[in-house]
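First comes the structure, then the notes that go with it.
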Amino acid sequence: MMFKLLSQQGLTVYESIKEMPSYMDFNDQSIFLNMHALVLEGKTHEDVFRPLQHKLESWIYRMLLMSHMLISPGQFFDALITMIDDKHALMLQQQKAKRYPTLVFVLAIVVLLAYVYVILPTYMSIFSTMGQQHVLSMLLIERSSNIWFMVSFILGIFFVYALFFYTLRTIKQALLFRRSHNIVKYFYYYDMLIKMSIFSEQHMTFFQMFEMLHKHETNKKMKAMYQHIITQLQLGVDLYDVLQKITFMPKEIQMIVPLTTLRNRQDTLTHLSNHYKVQYIERTERLQSFIEPMLLLLLGILVLFIGYLMYQPIIEFYDSIGTSL
């Protein structure tokens, strides 16, 4: 925000860094004083901004690394703030979708541990005084008293949980390169197009845009795709022909983006990015509406299982009393 306000006063990025300590709290003042010292030492732009790397999200930091190439810094920072707000809203939606399964998982572990270490020993101490034993309950108590077994069991649960999210991440990577539209592609291409619209606002050519995307891409396969586009453009191949051969790229981008002109490029890229954002939100809400009932069903099964473990010894106890009578 401060970069935007200072740039609107006609200050360059480096002049803004000099003024920034006056507006920062004590913890951040030292960072910008260090950045200003690096400017005076004649360090590269990347070296000057490196102190901010641990303070910012990686994609924001990468966007700032290109700020020295700007024609209109004020417009860039204004667009960047809008992009940050939009991505923050989408990230919150992602977190909301993940939070519910995690809560159910933690609740299940807490309930099971409470049953094994609090409820079950109380039951068994009562039944043992009456000469009654329940095989399943005795087995649970025997296993729970073995510290190595319980540590292995808990570690195994967390391993399965981590494996689940690793598998989910692998699936997400695979979905990005499918021909069909899906929630992963909507989010990725929203991100790509909103960046391209910001680059377009700075009067960059498509070649320069894809160079910037390639430089800051972290996905190896997507990075290779950007490199292929750059190489083909250098050879003089038309962008339309280049994009048509990338089968996993959405048709809207393959057909519309190459047809844009300098006059309508930014608006077109912005409209396309907004289209993918809306599609992403709709798909996320639809996925949540499917997952939440399934998790409630699993939670219900867990409650029934705990109920069975709690009441089965009591039922067996009363059955044994009835038999003895």
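By order of appearance in the structure tokens: chains A, B, ..., then residues from 1 within every chain, and ligands from 1 in the order shown.
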### Message
List as a PyMOL selection string the protein and nucleic acid residues near Thr231 in chain A, meaning an atom at most 12 Å away when only C-alpha atoms are counted, but skip any in the same chain fewer than 5 places from it.
### Response
chain A and resi 207+210-211+214+224-226+236-239+242
Put those residues in a file: N, CA, C and O atoms, as a PDB file, in the first residue's frame.
ATOM      1  N   PHE A 207       5.602 -11.507 -25.672  1.00  0.00           N
ATOM      2  CA  PHE A 207       6.912 -12.124 -25.448  1.00  0.00           C
ATOM      3  C   PHE A 207       7.439 -11.751 -24.061  1.00  0.00           C
ATOM      4  O   PHE A 207       7.912 -12.618 -23.308  1.00  0.00           O
ATOM      5  N   PHE A 210       5.342 -13.568 -21.240  1.00  0.00           N
ATOM      6  CA  PHE A 210       5.684 -14.975 -21.027  1.00  0.00           C
ATOM      7  C   PHE A 210       7.090 -15.118 -20.447  1.00  0.00           C
ATOM      8  O   PHE A 210       7.356 -16.081 -19.709  1.00  0.00           O
ATOM      9  N   GLU A 211       7.965 -14.189 -20.733  1.00  0.00           N
ATOM     10  CA  GLU A 211       9.273 -14.190 -20.079  1.00  0.00           C
ATOM     11  C   GLU A 211       9.127 -13.993 -18.573  1.00  0.00           C
ATOM     12  O   GLU A 211       9.799 -14.674 -17.776  1.00  0.00           O
ATOM     13  N   HIS A 214       7.575 -17.116 -17.060  1.00  0.00           N
ATOM     14  CA  HIS A 214       8.577 -18.181 -17.012  1.00  0.00           C
ATOM     15  C   HIS A 214       9.561 -17.963 -15.871  1.00  0.00           C
ATOM     16  O   HIS A 214       9.927 -18.906 -15.150  1.00  0.00           O
ATOM     17  N   ALA A 224       8.341 -25.237 -18.315  1.00  0.00           N
ATOM     18  CA  ALA A 224       8.763 -25.748 -19.627  1.00  0.00           C
ATOM     19  C   ALA A 224       7.814 -25.256 -20.722  1.00  0.00           C
ATOM     20  O   ALA A 224       8.247 -24.957 -21.849  1.00  0.00           O
ATOM     21  N   MET A 225       6.519 -25.172 -20.414  1.00  0.00           N
ATOM     22  CA  MET A 225       5.553 -24.665 -21.392  1.00  0.00           C
ATOM     23  C   MET A 225       5.856 -23.213 -21.750  1.00  0.00           C
ATOM     24  O   MET A 225       5.863 -22.842 -22.928  1.00  0.00           O
ATOM     25  N   TYR A 226       6.125 -22.387 -20.728  1.00  0.00           N
ATOM     26  CA  TYR A 226       6.442 -20.979 -20.995  1.00  0.00           C
ATOM     27  C   TYR A 226       7.727 -20.860 -21.815  1.00  0.00           C
ATOM     28  O   TYR A 226       7.825 -20.017 -22.716  1.00  0.00           O
ATOM     29  N   GLY A 236       9.640 -16.642 -34.590  1.00  0.00           N
ATOM     30  CA  GLY A 236       8.696 -15.949 -35.458  1.00  0.00           C
ATOM     31  C   GLY A 236       7.373 -16.665 -35.658  1.00  0.00           C
ATOM     32  O   GLY A 236       6.563 -16.267 -36.518  1.00  0.00           O
ATOM     33  N   VAL A 237       7.105 -17.705 -34.888  1.00  0.00           N
ATOM     34  CA  VAL A 237       5.833 -18.434 -34.994  1.00  0.00           C
ATOM     35  C   VAL A 237       4.731 -17.577 -34.373  1.00  0.00           C
ATOM     36  O   VAL A 237       4.924 -16.946 -33.333  1.00  0.00           O
ATOM     37  N   ASP A 238       3.574 -17.561 -35.022  1.00  0.00           N
ATOM     38  CA  ASP A 238       2.451 -16.777 -34.519  1.00  0.00           C
ATOM     39  C   ASP A 238       1.956 -17.361 -33.186  1.00  0.00           C
ATOM     40  O   ASP A 238       1.884 -18.589 -33.023  1.00  0.00           O
ATOM     41  N   LEU A 239       1.597 -16.476 -32.253  1.00  0.00           N
ATOM     42  CA  LEU A 239       1.163 -16.920 -30.929  1.00  0.00           C
ATOM     43  C   LEU A 239      -0.055 -17.825 -31.013  1.00  0.00           C
ATOM     44  O   LEU A 239      -0.176 -18.792 -30.250  1.00  0.00           O
ATOM     45  N   VAL A 242       1.073 -21.262 -31.746  1.00  0.00           N
ATOM     46  CA  VAL A 242       1.797 -21.827 -30.599  1.00  0.00           C
ATOM     47  C   VAL A 242       0.812 -22.349 -29.562  1.00  0.00           C
ATOM     48  O   VAL A 242       0.934 -23.485 -29.066  1.00  0.00           O
TER      49      VAL A 242
END
#### Entry: DSSP-assigned helix (DSSP H, G or I) members of range 142-241 of chain A, reported as a ChimeraX atom specification
/A:142-144,147-176,183-201,206-216,220-234,239-241
### Query
Of the residues A:Ile281, A:Pro101, A:Asp241, A:Tyr186, which is the one nearest to Pro293 in chain A, using only C-alpha atoms?
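Closest residue, counting only C-alpha atoms: A:Pro101.
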### Message
Residues within 12 Å of Arg62 in chain A, please, as an NGL selection string. Count only C-alpha atoms; anything in the same chain fewer than 6 positions from it doesn't count.
### Response
:A and (45-46 or 49-50 or 52-54 or 56 or 80 or 195 or 212-218)
### Task
Name all residues at most 12 Å from range 294-299 of chain A (count only C-alpha atoms; drop same-chain ones fewer than 6 positions away) and give them as a ChimeraX atom specification.
/A:97-109,111,287-288,305-306
Deliver the residues from the most recent selection as a file, using C-alpha atoms, as a PDB file, in the first residue's frame.
ATOM      1  CA  ALA A  97     -12.761 -26.226   2.384  1.00  0.00           C
ATOM      2  CA  LYS A  98      -9.757 -27.808   4.172  1.00  0.00           C
ATOM      3  CA  ARG A  99     -10.673 -26.712   7.694  1.00  0.00           C
ATOM      4  CA  TYR A 100     -13.776 -28.891   8.059  1.00  0.00           C
ATOM      5  CA  PRO A 101     -12.089 -32.237   7.207  1.00  0.00           C
ATOM      6  CA  THR A 102      -9.187 -31.362   9.509  1.00  0.00           C
ATOM      7  CA  LEU A 103     -11.584 -30.526  12.352  1.00  0.00           C
ATOM      8  CA  VAL A 104     -13.406 -33.840  11.910  1.00  0.00           C
ATOM      9  CA  PHE A 105     -10.070 -35.700  11.889  1.00  0.00           C
ATOM     10  CA  VAL A 106      -8.837 -34.007  15.081  1.00  0.00           C
ATOM     11  CA  LEU A 107     -12.206 -34.539  16.784  1.00  0.00           C
ATOM     12  CA  ALA A 108     -12.138 -38.246  15.928  1.00  0.00           C
ATOM     13  CA  ILE A 109      -8.649 -38.665  17.421  1.00  0.00           C
ATOM     14  CA  VAL A 111     -12.778 -38.823  21.105  1.00  0.00           C
ATOM     15  CA  LEU A 287     -17.265 -29.380  -3.896  1.00  0.00           C
ATOM     16  CA  GLN A 288     -17.877 -28.200  -0.332  1.00  0.00           C
ATOM     17  CA  PHE A 305     -18.707 -46.985  16.931  1.00  0.00           C
ATOM     18  CA  ILE A 306     -17.861 -45.141  20.155  1.00  0.00           C
TER      19      ILE A 306
END
### Message
Show me, as a PyMOL selection string, the residues that have an atom within 12 Å of Leu269 in chain A when counting only C-alpha atoms, minus same-chain residues fewer than 4 positions from it.
### Response
chain A and resi 189-201+206+252-253+256-265+273-276
### Atom-to-atom span, CA of Val110 in chain A and CA of Val303 in chain A, Å
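Separating CA of Val110 in chain A from CA of Val303 in chain A is a distance of 12.2 Å.
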